[in-house]
$ cat work-v1.cif   # mmCIF, C-alpha atoms
data_protein
loop_
_atom_site.label_atom_id
_atom_site.label_comp_id
_atom_site.auth_asym_id
_atom_site.auth_seq_id
_atom_site.Cartn_x
_atom_site.Cartn_y
_atom_site.Cartn_z
CA MET A 30 -44.83 17.73 3.95
CA THR A 31 -41.82 17.55 1.63
CA PRO A 32 -42.33 17.27 -2.15
CA LEU A 33 -41.18 13.65 -2.10
CA GLU A 34 -43.39 12.51 0.78
CA ARG A 35 -46.33 12.30 -1.61
CA LEU A 36 -44.52 9.64 -3.67
CA PRO A 37 -44.05 5.93 -2.94
CA VAL A 38 -40.42 5.13 -2.29
CA ALA A 39 -40.38 2.68 -5.21
CA GLN A 40 -41.15 5.54 -7.61
CA ILE A 41 -38.42 7.70 -6.10
CA VAL A 42 -35.90 4.88 -6.41
CA ARG A 43 -36.87 4.14 -10.00
CA SER A 44 -36.45 7.78 -11.01
CA ILE A 45 -33.03 7.97 -9.34
CA ALA A 46 -31.91 4.71 -10.95
CA ASP A 47 -33.08 5.89 -14.38
CA ALA A 48 -31.17 9.16 -13.98
CA CYS A 49 -28.02 7.27 -12.93
CA ALA A 50 -28.39 4.97 -15.94
CA ARG A 51 -28.40 8.02 -18.22
CA TRP A 52 -25.19 9.24 -16.57
CA CYS A 53 -23.54 5.86 -17.25
CA ASP A 54 -23.54 6.73 -20.95
CA PRO A 55 -20.21 8.45 -21.76
CA ASP A 56 -21.98 10.33 -24.56
CA PHE A 57 -24.78 11.69 -22.34
CA PRO A 58 -24.56 15.47 -23.03
CA PRO A 59 -24.54 16.66 -19.37
CA ARG A 60 -21.75 14.17 -18.61
CA VAL A 61 -19.80 15.31 -21.65
CA ARG A 62 -20.15 18.91 -20.49
CA VAL A 63 -19.15 18.34 -16.88
CA ALA A 64 -16.18 15.99 -17.44
CA PRO A 65 -13.74 18.76 -18.53
CA ALA A 66 -14.70 20.81 -15.47
CA ILE A 67 -13.93 17.82 -13.24
CA ARG A 68 -10.56 17.38 -14.94
CA GLU A 69 -9.78 21.06 -14.46
CA ARG A 70 -10.77 21.02 -10.78
CA THR A 71 -8.97 17.81 -9.81
CA GLY A 72 -6.08 17.70 -12.24
CA TYR A 73 -6.87 14.05 -12.98
CA GLY A 74 -6.52 12.60 -16.46
CA ALA A 75 -9.48 11.99 -18.73
CA GLN A 76 -9.29 8.22 -18.22
CA ALA A 77 -9.48 8.55 -14.44
CA VAL A 78 -12.44 10.93 -14.62
CA GLU A 79 -14.37 8.64 -16.97
CA TYR A 80 -13.60 5.65 -14.75
CA ALA A 81 -14.83 7.60 -11.70
CA LEU A 82 -18.10 8.56 -13.37
CA ASP A 83 -18.71 5.00 -14.54
CA ALA A 84 -18.00 3.61 -11.07
CA LEU A 85 -20.09 6.29 -9.37
CA PHE A 86 -23.30 5.95 -11.34
CA SER A 87 -23.29 2.30 -12.40
CA SER A 88 -23.67 1.01 -8.83
CA PHE A 89 -27.00 2.81 -8.27
CA THR A 90 -29.46 0.44 -9.86
CA ALA A 91 -33.01 0.26 -8.52
CA GLU A 92 -32.34 -3.24 -7.22
CA ALA A 93 -29.22 -2.17 -5.33
CA ILE A 94 -30.88 0.89 -3.78
CA LEU A 95 -33.98 -1.02 -2.67
CA ALA A 96 -31.84 -3.86 -1.29
CA THR A 97 -29.85 -1.37 0.80
CA ILE A 98 -33.00 0.29 2.14
CA GLY A 99 -34.55 -3.07 2.97
CA ASP A 100 -31.38 -4.26 4.70
CA GLU A 101 -31.12 -1.17 6.89
CA LEU A 102 -34.79 -0.43 7.60
CA GLY A 103 -36.28 -3.92 7.45
CA THR A 104 -38.44 -3.03 4.45
CA PRO A 105 -38.70 -0.04 2.08
CA ASP A 106 -42.43 0.00 2.88
CA ALA A 107 -41.59 1.58 6.25
CA LEU A 108 -40.94 4.84 4.37
CA ASP A 109 -44.48 4.81 2.91
CA ARG A 110 -46.72 3.49 5.69
CA TRP A 111 -46.87 1.94 9.14
CA VAL A 112 -45.46 -1.60 9.19
CA LEU A 113 -45.57 -4.25 11.92
CA ARG A 114 -42.08 -5.02 13.20
CA ASP A 115 -41.78 -7.91 15.73
CA VAL A 116 -41.67 -6.74 19.37
CA ARG A 117 -41.55 -3.05 18.42
CA GLY A 118 -45.11 -3.03 17.17
CA TRP A 119 -46.06 -0.64 14.40
CA VAL A 120 -43.24 1.58 13.11
CA ARG A 121 -42.81 4.13 10.37
CA GLY A 122 -39.84 6.05 9.06
CA PHE A 123 -40.23 9.74 8.27
CA PRO A 124 -37.80 12.23 6.72
CA ALA A 125 -35.26 13.40 9.28
CA GLY A 126 -35.67 16.95 7.99
CA ARG A 127 -33.75 19.27 5.71
CA VAL A 128 -30.42 17.79 4.68
CA CYS A 129 -27.25 19.60 3.64
CA ILE A 130 -24.25 17.77 2.17
CA VAL A 131 -20.89 19.53 1.94
CA ALA A 132 -18.79 17.95 -0.81
CA SER A 133 -15.04 17.43 -0.44
CA ARG A 134 -12.36 19.20 -2.43
CA THR A 135 -10.96 16.14 -4.19
CA THR A 136 -13.15 13.05 -4.45
CA ILE A 137 -15.34 12.99 -7.55
CA GLY A 138 -19.04 12.80 -6.72
CA VAL A 139 -18.56 12.06 -3.03
CA ALA A 140 -21.88 13.80 -2.28
CA LEU A 141 -23.87 11.53 -4.60
CA PRO A 142 -24.45 8.49 -2.31
CA PRO A 143 -25.69 10.46 0.72
CA ALA A 144 -27.80 12.68 -1.55
CA ILE A 145 -29.43 9.65 -3.16
CA PHE A 146 -30.29 7.99 0.13
CA ALA A 147 -31.48 11.22 1.72
CA LEU A 148 -33.84 11.67 -1.24
CA CYS A 149 -35.00 8.06 -0.85
CA ALA A 150 -35.83 8.96 2.76
CA LYS A 151 -37.97 11.75 1.21
CA CYS A 152 -35.86 14.57 2.65
CA ASP A 153 -35.25 17.92 1.00
CA VAL A 154 -31.58 17.92 0.01
CA THR A 155 -29.12 20.73 -0.61
CA VAL A 156 -25.58 19.94 -1.76
CA LYS A 157 -22.83 22.50 -1.32
CA ASP A 158 -21.30 21.65 -4.66
CA ARG A 159 -17.78 22.01 -5.98
CA GLU A 160 -16.67 24.10 -8.93
CA ASP A 161 -17.30 21.41 -11.54
CA GLY A 162 -21.07 21.47 -10.87
CA LEU A 163 -21.47 17.68 -11.08
CA MET A 164 -24.25 17.49 -8.50
CA ARG A 165 -26.13 20.42 -10.00
CA ALA A 166 -26.07 18.70 -13.38
CA PHE A 167 -27.25 15.41 -11.90
CA PHE A 168 -30.09 17.09 -10.02
CA GLU A 169 -31.22 18.65 -13.31
CA THR A 170 -31.41 15.14 -14.75
CA LEU A 171 -33.46 14.02 -11.75
CA ALA A 172 -35.91 16.86 -12.31
CA GLU A 173 -36.31 15.71 -15.91
CA GLU A 174 -37.21 12.24 -14.61
CA ARG A 175 -39.77 13.52 -12.10
CA ASP A 176 -40.94 17.07 -11.39
CA ALA A 177 -40.89 16.66 -7.59
CA PHE A 178 -37.09 16.56 -7.60
CA ALA A 179 -36.92 20.14 -8.84
CA ALA A 180 -38.09 21.29 -5.41
CA ALA A 181 -36.48 18.51 -3.37
CA ALA A 182 -32.89 18.55 -4.67
CA ARG A 183 -30.69 21.55 -5.32
CA ALA A 184 -26.98 22.31 -5.52
CA LEU A 185 -25.31 25.54 -4.46
CA PRO A 186 -21.66 26.58 -4.63
CA TRP A 187 -19.68 26.03 -1.43
CA ARG A 188 -17.41 28.80 -0.17
CA GLY A 189 -16.53 27.58 3.29
CA GLY A 190 -17.40 29.91 6.13
CA GLU A 191 -19.65 32.09 4.00
CA HIS A 192 -22.57 29.70 4.50
CA ASP A 193 -24.95 29.42 7.43
CA LEU A 194 -25.89 25.79 8.08
CA THR A 195 -28.36 26.44 10.90
CA PRO A 196 -31.47 25.85 8.71
CA TYR A 197 -30.58 22.17 8.28
CA ASP A 198 -31.59 19.24 10.46
CA VAL A 199 -28.91 16.88 9.11
CA VAL A 200 -25.51 17.99 7.84
CA VAL A 201 -23.11 15.60 6.13
CA ALA A 202 -19.64 17.02 5.56
CA PHE A 203 -16.63 15.64 3.72
CA GLY A 204 -13.32 17.38 4.24
CA ARG A 205 -10.04 17.60 6.10
CA ASP A 206 -9.97 16.87 9.81
CA ALA A 207 -9.07 20.49 10.47
CA THR A 208 -12.12 21.87 8.65
CA LEU A 209 -14.82 19.62 10.09
CA PRO A 210 -15.05 21.41 13.49
CA GLU A 211 -15.52 24.70 11.65
CA ILE A 212 -18.36 23.22 9.61
CA ARG A 213 -19.91 21.70 12.73
CA SER A 214 -19.86 25.06 14.46
CA ALA A 215 -21.96 26.52 11.64
CA CYS A 216 -24.76 23.98 12.25
CA ALA A 217 -27.76 24.28 14.55
CA PRO A 218 -27.03 22.84 18.03
CA GLY A 219 -29.57 20.04 17.64
CA ALA A 220 -28.65 19.06 14.09
CA ARG A 221 -27.33 15.62 13.27
CA PHE A 222 -23.77 16.14 12.12
CA ILE A 223 -22.01 13.41 10.17
CA GLY A 224 -18.41 14.28 9.40
CA PHE A 225 -16.06 12.30 7.19
CA GLY A 226 -12.49 13.46 7.62
CA SER A 227 -9.15 12.46 6.13
CA LYS A 228 -8.60 8.72 5.81
CA ALA A 229 -6.64 6.26 3.73
CA SER A 230 -6.93 2.61 2.82
CA ILE A 231 -4.50 -0.28 3.10
CA GLY A 232 -3.84 -3.69 1.62
CA TYR A 233 -2.98 -6.99 3.28
CA VAL A 234 -1.64 -10.07 1.47
CA ALA A 235 -1.57 -13.34 3.40
CA ARG A 236 1.09 -15.90 2.65
CA GLU A 237 -1.41 -18.42 1.29
CA ALA A 238 -2.42 -15.90 -1.39
CA LEU A 239 1.12 -16.06 -2.77
CA GLU A 240 1.21 -19.72 -3.69
CA SER A 241 1.49 -19.07 -7.41
CA SER A 242 2.67 -16.36 -9.75
CA ALA A 243 -0.83 -16.20 -11.27
CA GLU A 244 -2.39 -15.36 -7.89
CA ALA A 245 0.31 -12.81 -7.12
CA SER A 246 -0.07 -11.24 -10.58
CA ALA A 247 -3.79 -10.72 -10.07
CA ILE A 248 -3.12 -9.07 -6.70
CA VAL A 249 -0.48 -6.65 -7.97
CA GLU A 250 -2.58 -5.65 -10.99
CA GLY A 251 -5.46 -4.77 -8.69
CA ALA A 252 -3.18 -3.02 -6.20
CA ALA A 253 -1.65 -0.91 -8.97
CA ARG A 254 -5.08 0.32 -10.02
CA ASP A 255 -6.05 1.07 -6.41
CA LEU A 256 -2.87 3.12 -6.08
CA VAL A 257 -2.80 5.19 -9.27
CA LEU A 258 -6.46 6.18 -9.42
CA TYR A 259 -7.13 9.74 -8.22
CA GLU A 260 -3.46 10.31 -7.37
CA GLY A 261 -3.82 8.92 -3.86
CA GLU A 262 -6.14 11.71 -2.72
CA GLY A 263 -9.25 9.77 -1.71
CA CYS A 264 -10.02 7.83 1.44
CA LEU A 265 -10.13 4.67 -0.70
CA SER A 266 -6.65 5.19 -2.13
CA LEU A 267 -4.05 2.54 -1.31
CA HIS A 268 -1.05 3.88 0.62
CA VAL A 269 0.47 0.96 2.53
CA LEU A 270 0.51 -2.71 1.64
CA PHE A 271 1.35 -5.42 4.17
CA VAL A 272 2.75 -8.71 2.82
CA GLU A 273 3.24 -11.78 4.98
CA ARG A 274 6.60 -13.49 4.97
CA ASN A 275 7.23 -17.18 4.23
CA GLY A 276 4.93 -17.41 1.22
CA ALA A 277 5.94 -19.17 -1.97
CA ILE A 278 6.62 -15.73 -3.47
CA ALA A 279 8.90 -13.59 -1.34
CA PRO A 280 7.94 -9.99 -0.50
CA GLU A 281 10.97 -8.81 -2.50
CA THR A 282 9.61 -10.54 -5.59
CA PHE A 283 6.13 -9.26 -4.87
CA ALA A 284 7.40 -5.66 -4.70
CA SER A 285 9.16 -6.13 -8.04
CA MET A 286 5.94 -7.50 -9.57
CA LEU A 287 4.04 -4.49 -8.23
CA HIS A 288 6.61 -2.23 -9.89
CA GLY A 289 5.87 -3.88 -13.24
CA ALA A 290 2.12 -3.65 -12.69
CA LEU A 291 2.44 0.08 -12.01
CA ASP A 292 4.24 0.55 -15.31
CA ARG A 293 1.20 -0.98 -17.02
CA ALA A 294 -1.28 0.99 -14.88
CA HIS A 295 0.30 4.26 -16.05
CA LEU A 296 -0.71 3.35 -19.59
CA GLU A 297 -4.36 2.96 -18.57
CA PHE A 298 -4.39 5.93 -16.19
CA PRO A 299 -1.56 8.31 -17.12
CA PRO A 300 -0.38 10.65 -14.36
CA PRO A 301 -1.17 14.36 -14.68
CA ALA A 302 1.08 16.32 -16.99
CA GLY A 303 2.61 18.45 -14.26
CA ARG A 304 3.30 17.54 -10.64
CA ASP A 305 3.24 20.16 -7.90
CA ALA A 306 6.79 21.36 -7.23
CA ALA A 307 6.61 20.58 -3.50
CA VAL A 308 5.27 17.09 -4.20
CA GLU A 309 7.99 16.50 -6.79
CA ALA A 310 10.66 17.59 -4.31
CA ARG A 311 9.35 15.17 -1.68
CA PHE A 312 9.17 12.37 -4.22
CA VAL A 313 12.80 12.86 -5.22
CA GLN A 314 13.90 13.15 -1.60
CA GLU A 315 12.19 9.91 -0.60
CA ARG A 316 13.57 8.08 -3.62
CA GLU A 317 17.12 9.15 -2.79
CA LEU A 318 16.68 8.25 0.88
CA ALA A 319 15.48 4.81 -0.22
CA ARG A 320 18.51 4.50 -2.48
CA LEU A 321 20.79 5.33 0.44
CA ARG A 322 19.05 2.83 2.74
CA ALA A 323 19.27 0.10 0.11
CA ALA A 324 22.98 0.77 -0.33
CA HIS A 325 23.39 0.01 3.38
CA GLY A 326 21.30 -3.16 3.19
CA ARG A 327 18.15 -1.68 4.72
CA GLY A 328 15.10 -2.29 2.58
CA ALA A 329 14.74 -1.90 -1.17
CA PHE A 330 12.91 0.26 -3.66
CA HIS A 331 11.64 0.32 -7.24
CA ALA A 332 11.17 3.49 -9.27
CA ASP A 333 10.44 3.86 -12.96
CA LEU A 334 12.72 5.96 -15.13
CA GLY A 335 10.05 8.59 -15.65
CA GLY A 336 9.67 9.26 -11.94
CA ARG A 337 6.00 8.30 -12.01
CA HIS A 338 5.90 5.85 -9.11
CA LEU A 339 7.88 4.63 -6.16
CA VAL A 340 7.58 1.25 -4.41
CA LEU A 341 9.34 1.24 -1.03
CA LEU A 342 10.03 -2.15 0.56
CA ASP A 343 10.33 -2.04 4.35
CA PRO A 344 11.07 1.64 4.95
CA PRO A 345 11.70 2.55 8.61
CA ALA A 346 8.82 1.47 10.85
CA GLU A 347 8.92 4.75 12.73
CA ARG A 348 7.85 6.58 9.58
CA PRO A 349 4.14 6.76 8.64
CA PRO A 350 2.99 6.33 5.03
CA LEU A 351 4.10 9.19 2.81
CA PHE A 352 0.67 9.92 1.27
CA LEU A 353 2.30 10.98 -1.98
CA PRO A 354 0.77 10.33 -5.42
CA ARG A 355 1.71 6.90 -6.79
CA VAL A 356 3.99 6.11 -3.86
CA ILE A 357 3.42 3.03 -1.72
CA ASP A 358 5.06 1.32 1.25
CA VAL A 359 5.26 -2.47 1.05
CA ARG A 360 5.84 -3.71 4.58
CA THR A 361 6.63 -7.31 5.41
CA VAL A 362 4.88 -8.80 8.44
CA ALA A 363 4.61 -12.17 10.17
CA ALA A 364 0.91 -11.85 11.05
CA PRO A 365 -1.96 -9.31 11.10
CA GLU A 366 -0.92 -8.21 14.58
CA ASP A 367 2.22 -6.64 13.09
CA ALA A 368 0.09 -4.56 10.73
CA ALA A 369 -2.21 -3.55 13.59
CA THR A 370 0.80 -2.44 15.64
CA TYR A 371 2.07 -0.26 12.81
CA LEU A 372 -1.34 1.32 12.18
CA ALA A 373 -1.88 2.02 15.87
CA ARG A 374 1.60 3.51 16.18
CA HIS A 375 0.79 6.05 13.49
CA HIS A 376 -2.86 6.60 14.47
CA ILE A 377 -4.18 5.27 11.16
CA VAL A 378 -7.75 3.97 11.05
CA PRO A 379 -8.22 2.63 7.52
CA GLU A 380 -11.42 3.36 5.66
CA ALA A 381 -11.09 0.14 3.68
CA VAL A 382 -8.81 -2.86 3.36
CA ALA A 383 -8.00 -4.78 0.19
CA LEU A 384 -7.49 -8.30 1.50
CA ALA A 385 -6.00 -11.36 -0.18
CA GLY A 386 -6.25 -14.51 1.91
CA ASP A 387 -8.97 -16.72 3.39
CA ARG A 388 -7.77 -17.52 6.90
CA PRO A 389 -10.50 -17.09 9.54
CA ASP A 390 -8.41 -14.63 11.55
CA LEU A 391 -7.89 -12.15 8.73
CA ARG A 392 -11.36 -10.63 8.51
CA ASP A 393 -11.57 -10.10 12.27
CA ALA A 394 -8.08 -8.62 12.35
CA MET A 395 -8.86 -6.09 9.63
CA ALA A 396 -12.14 -5.10 11.27
CA ALA A 397 -10.34 -4.71 14.59
CA CYS A 398 -8.07 -2.14 12.93
CA GLY A 399 -11.20 -0.06 12.33
CA ALA A 400 -11.80 -0.79 8.65
CA ALA A 401 -15.37 -0.09 7.60
CA ARG A 402 -15.06 -2.12 4.42
CA ILE A 403 -13.08 -5.19 3.36
CA THR A 404 -12.80 -5.92 -0.33
CA ALA A 405 -10.59 -7.46 -3.01
CA PHE A 406 -7.60 -5.80 -4.63
CA GLY A 407 -8.67 -3.71 -7.60
CA ARG A 408 -12.04 -2.91 -6.05
CA LEU A 409 -11.07 -0.37 -3.39
CA GLN A 410 -12.14 2.48 -5.64
CA ARG A 411 -15.47 0.87 -6.69
CA PRO A 412 -17.60 0.63 -3.54
CA PRO A 413 -21.08 -0.89 -4.00
CA ALA A 414 -24.10 1.36 -3.61
CA GLY A 415 -25.05 -0.05 -0.23
CA THR A 416 -21.64 -0.35 1.39
CA VAL A 417 -21.01 1.28 4.74
CA HIS A 418 -18.88 4.43 4.68
CA GLY A 419 -16.93 5.54 7.70
CA GLY A 420 -18.61 2.75 9.65
CA LEU A 421 -22.08 4.23 9.05
CA ARG A 422 -24.93 2.80 7.04
CA ARG A 423 -26.41 4.63 4.09
CA ILE A 424 -30.02 5.65 4.72
CA GLU A 425 -30.39 5.40 8.50
CA PRO A 426 -29.00 8.91 9.23
CA PHE A 427 -31.78 10.46 7.15
CA VAL A 428 -34.72 8.70 8.80
CA ARG A 429 -36.72 9.69 11.88
CA TRP A 430 -38.63 6.81 13.43
CA SER A 431 -42.02 6.74 15.12
CA ALA A 432 -43.39 3.66 16.87
CA ASP A 433 -46.88 2.64 18.02
CA GLU A 434 -46.40 0.00 20.73
CA ARG A 435 -50.06 -0.58 21.52
#
$ encode --input "work-v1.cif" --output "structure tokens"
Amino acid sequence: MTPLERLPVAQIVRSIADACARWCDPDFPPRVRVAPAIRERTGYGAQAVEYALDALFSSFTAEAILATIGDELGTPDALDRWVLRDVRGWVRGFPAGRVCIVASRTTIGVALPPAIFALCAKCDVTVKDREDGLMRAFFETLAEERDAFAAAARALPWRGGEHDLTPYDVVVAFGRDATLPEIRSACAPGARFIGFGSKASIGYVAREALESSAEASAIVEGAARDLVLYEGEGCLSLHVLFVERNGAIAPETFASMLHGALDRAHLEFPPPAGRDAAVEARFVQERELARLRAAHGRGAFHADLGGRHLVLLDPPAERPPLFLPRVIDVRTVAAPEDAATYLARHHIVPEAVALAGDRPDLRDAMAACGAARITAFGRLQRPPAGTVHGGLRRIEPFVRWSADER
């Protein structure tokens, strides 16, 4: 029996929520200590790191966690006792076993959601933490809330192939597509392996969402935030934005408005002091190519004088998104099918879509592109606690079911 199996799930959830509430305080000493280490590891500015920590911990209230568990499992009680479930008879959820979570190189706190739900499933959890030690510090807070977490949750440094993952029954790994097979090969043959590789997110603006400058302004302000946060490195970063033609505001005007919104976003979330030389060279190259195309009447571009961002309007369709920090393609389309064609051509399955427009076809079209999550502009980088990630639900992977059909 695991240390947490002796506790009712409601007590586990309350302790986790209380620990997260403490981490929402920007003056909480462990948060103050770990924030500089996060900045050093990621290169992000202080404002972006504080925003990330607020977004990460504020979503995990007791109500949100219990609602997610109830939605996925029918009732949280199924983790404590046998419950009667329609034609399936009596069922109960047990811990799936020992869980290991391998955190990604870039995204701040990416291991937190799976760790929280694995603990709610009463599993023992080990996180292969990154250099900033965020998860180790959070687990120490959990142990202060309830002694059982000291034995149930631990964080160890991750050094790639040095670690043997065969002791674990469930392994969740975040990383590049190229590294996931290597991590999988280090697991036991029968282990559940859940890999989250490289992905990006997109935006889609329907023509009816561009009926007024006020509507368009709200969209570009949100899009600018989705773009500049975390320097485009996360799966929820915005890299391509589709805008329908024939709206009251033309795509050319929309791109210009986005340019202005990015100028303002830099004030809230300043870019890092120094850009990698290779990234800077690509940025300059793409800006000059866009200048050349515009001179020949093919597309347009907007770049600020400081070289902080680049908005490319209708670059060549044969080119995929650039995936450069603070660089975005704005592509004009007639309908969602045009966006789907572009994404399929470049083998892009978006993690999330920021969508502006209420036509019945839009939601189905975005889901058909493979998007796991559809949200509003400005909220790409603030997923709710219970949202699906990579098309998977939150607690189900960490539960083993038993049924009595008598």
$ resolve_selection --input "work-v1.cif" --expression "the PyMOL selection byres ((chain A and resi 417-427) around 6)" --output "ChimeraX atom specification"
/A:125,146-147,401,416,428
$ write_last_selection --input "work-v1.cif" --atoms "C-alpha atoms" --output "mmCIF file, in the frame of the given file"
data_model
loop_
_atom_site.group_PDB
_atom_site.id
_atom_site.type_symbol
_atom_site.label_atom_id
_atom_site.label_comp_id
_atom_site.auth_asym_id
_atom_site.auth_seq_id
_atom_site.Cartn_x
_atom_site.Cartn_y
_atom_site.Cartn_z
ATOM 1 C CA ALA A 125 -35.260 13.400 9.280
ATOM 2 C CA PHE A 146 -30.290 7.990 0.130
ATOM 3 C CA ALA A 147 -31.480 11.220 1.720
ATOM 4 C CA ALA A 401 -15.370 -0.090 7.600
ATOM 5 C CA THR A 416 -21.640 -0.350 1.390
ATOM 6 C CA VAL A 428 -34.720 8.700 8.800
#
$ residues_near_point --input "work-v1.cif" --point "(-0.7, -12.6, 8.4)" --cutoff "9 Å" --atoms "only C-alpha atoms" --output "PDB file with C-alpha atoms, keeping the file's coordinate frame"
ATOM      1  CA  TYR A 233      -2.980  -6.990   3.280  1.00  0.00           C
ATOM      2  CA  VAL A 234      -1.640 -10.070   1.470  1.00  0.00           C
ATOM      3  CA  ALA A 235      -1.570 -13.340   3.400  1.00  0.00           C
ATOM      4  CA  ARG A 236       1.090 -15.900   2.650  1.00  0.00           C
ATOM      5  CA  PHE A 271       1.350  -5.420   4.170  1.00  0.00           C
ATOM      6  CA  VAL A 272       2.750  -8.710   2.820  1.00  0.00           C
ATOM      7  CA  GLU A 273       3.240 -11.780   4.980  1.00  0.00           C
ATOM      8  CA  ARG A 274       6.600 -13.490   4.970  1.00  0.00           C
ATOM      9  CA  VAL A 362       4.880  -8.800   8.440  1.00  0.00           C
ATOM     10  CA  ALA A 363       4.610 -12.170  10.170  1.00  0.00           C
ATOM     11  CA  ALA A 364       0.910 -11.850  11.050  1.00  0.00           C
ATOM     12  CA  PRO A 365      -1.960  -9.310  11.100  1.00  0.00           C
ATOM     13  CA  GLU A 366      -0.920  -8.210  14.580  1.00  0.00           C
ATOM     14  CA  ASP A 367       2.220  -6.640  13.090  1.00  0.00           C
ATOM     15  CA  ALA A 368       0.090  -4.560  10.730  1.00  0.00           C
ATOM     16  CA  GLY A 386      -6.250 -14.510   1.910  1.00  0.00           C
ATOM     17  CA  ARG A 388      -7.770 -17.520   6.900  1.00  0.00           C
ATOM     18  CA  ASP A 390      -8.410 -14.630  11.550  1.00  0.00           C
ATOM     19  CA  LEU A 391      -7.890 -12.150   8.730  1.00  0.00           C
TER      20      LEU A 391
END
$ atom_distance --input "work-v1.cif" --atom1 "atom CA of A:Gly415" --atom2 "atom CA of A:Thr97"
5.1 Å
$ resolve_selection --input "work-v1.cif" --expression "the PyMOL selection byres ((chain A and resi 404) around 6)" --output "number ranges by chain"
A: 383, 403, 405
$ resolve_selection --input "work-v1.cif" --expression "the PyMOL selection byres ((chain A and resi 369-376) around 12)" --output "PyMOL selection string"
chain A and resi 227-233+268-271+343+345-351+360-368+377-379+391+393-400
$ atom_distance --input "work-v1.cif" --atom1 "atom CA of A:Val199" --atom2 "atom CA of A:Gly224"
10.8 Å
$ residues_around --input "work-v1.cif" --residues "A:Leu409" --least-positions-apart "6" --cutoff "8 Å" --atoms "all atoms listed in the file" --output "PyMOL selection string"
chain A and resi 255+265-267+381-383
$ atom_distance --input "work-v1.cif" --atom1 "atom CA of A:Ala140" --atom2 "atom CA of A:Ser87"
15.4 Å
$ residues_around --input "work-v1.cif" --residues "A:Asp153" --least-positions-apart "2" --cutoff "8 Å" --atoms "all atoms listed in the file" --output "ChimeraX atom specification"
/A:31-33,126-128,147-148,151,155,180-182
$ closest_residue --input "work-v1.cif" --among "A:Ala253, A:Leu185, A:Ile45, A:Leu209" --to "A:Ile145" --atoms "all atoms listed in the file"
A:Ile45
$ closest_residue --input "work-v1.cif" --among "A:Arg159, A:Arg117, A:His295, A:Arg51" --to "A:Ala66" --atoms "all atoms listed in the file"
A:Arg159
$ closest_residue --input "work-v1.cif" --among "A:Arg62, A:Arg221, A:Arg68, A:Arg355" --to "A:Leu194" --atoms "all atoms listed in the file"
A:Arg221
$ closest_residue --input "work-v1.cif" --among "A:Glu297, A:Asp292, A:Asp193, A:Asp358" --to "A:Lys157" --atoms "all atoms listed in the file"
A:Asp193
$ residues_around --input "work-v1.cif" --residues "A:Ser285" --least-positions-apart "2" --cutoff "10 Å" --atoms "all atoms listed in the file" --output "list in words"
Val249, Pro280, Glu281, Thr282, Phe283, Leu287, His288, Gly289, Ala290, Leu291, Ala329, Phe330, His331, Ala332, Val340 and Leu342 of chain A
$ closest_residue --input "work-v1.cif" --among "A:Arg175, A:Val356, A:Val131, A:Pro142" --to "A:Cys216" --atoms "all atoms listed in the file"
A:Val131
$ residues_around --input "work-v1.cif" --residues "A:Ala64" --least-positions-apart "3" --cutoff "8 Å" --atoms "all atoms listed in the file" --output "list in words"
Arg60, Val61, Ile67, Arg68, Ala75, Val78 and Glu79 of chain A
$ residues_around --input "work-v1.cif" --residues "A:Glu34" --least-positions-apart "5" --cutoff "9 Å" --atoms "all atoms listed in the file" --output "PyMOL selection string"
chain A and resi 108-109+123-124+150-152
$ decode --input "work-v1.cif" --residues "stretch 302-311 of chain A" --atoms "N, CA and C atoms" --output "mmCIF file, in the first residue's frame"
data_model
loop_
_atom_site.group_PDB
_atom_site.id
_atom_site.type_symbol
_atom_site.label_atom_id
_atom_site.label_comp_id
_atom_site.auth_asym_id
_atom_site.auth_seq_id
_atom_site.Cartn_x
_atom_site.Cartn_y
_atom_site.Cartn_z
ATOM 1 N N ALA A 302 17.871 39.763 -22.671
ATOM 2 C CA ALA A 302 18.880 40.769 -23.008
ATOM 3 C C ALA A 302 19.694 40.390 -24.229
ATOM 4 N N GLY A 303 20.045 39.128 -24.358
ATOM 5 C CA GLY A 303 20.864 38.699 -25.478
ATOM 6 C C GLY A 303 20.223 37.562 -26.243
ATOM 7 N N ARG A 304 20.192 37.645 -27.550
ATOM 8 C CA ARG A 304 19.617 36.596 -28.371
ATOM 9 C C ARG A 304 20.739 35.728 -28.915
ATOM 10 N N ASP A 305 20.508 34.431 -28.980
ATOM 11 C CA ASP A 305 21.486 33.508 -29.536
ATOM 12 C C ASP A 305 21.905 33.977 -30.928
ATOM 13 N N ALA A 306 23.205 33.894 -31.214
ATOM 14 C CA ALA A 306 23.731 34.427 -32.474
ATOM 15 C C ALA A 306 23.087 33.752 -33.683
ATOM 16 N N ALA A 307 22.876 32.436 -33.610
ATOM 17 C CA ALA A 307 22.262 31.733 -34.745
ATOM 18 C C ALA A 307 20.818 32.165 -34.934
ATOM 19 N N VAL A 308 20.101 32.349 -33.815
ATOM 20 C CA VAL A 308 18.718 32.819 -33.899
ATOM 21 C C VAL A 308 18.665 34.225 -34.469
ATOM 22 N N GLU A 309 19.575 35.084 -34.020
ATOM 23 C CA GLU A 309 19.622 36.451 -34.532
ATOM 24 C C GLU A 309 19.902 36.468 -36.031
ATOM 25 N N ALA A 310 20.796 35.607 -36.484
ATOM 26 C CA ALA A 310 21.110 35.556 -37.911
ATOM 27 C C ALA A 310 19.896 35.122 -38.728
ATOM 28 N N ARG A 311 19.153 34.136 -38.222
ATOM 29 C CA ARG A 311 17.947 33.701 -38.933
ATOM 30 C C ARG A 311 16.885 34.792 -38.937
#
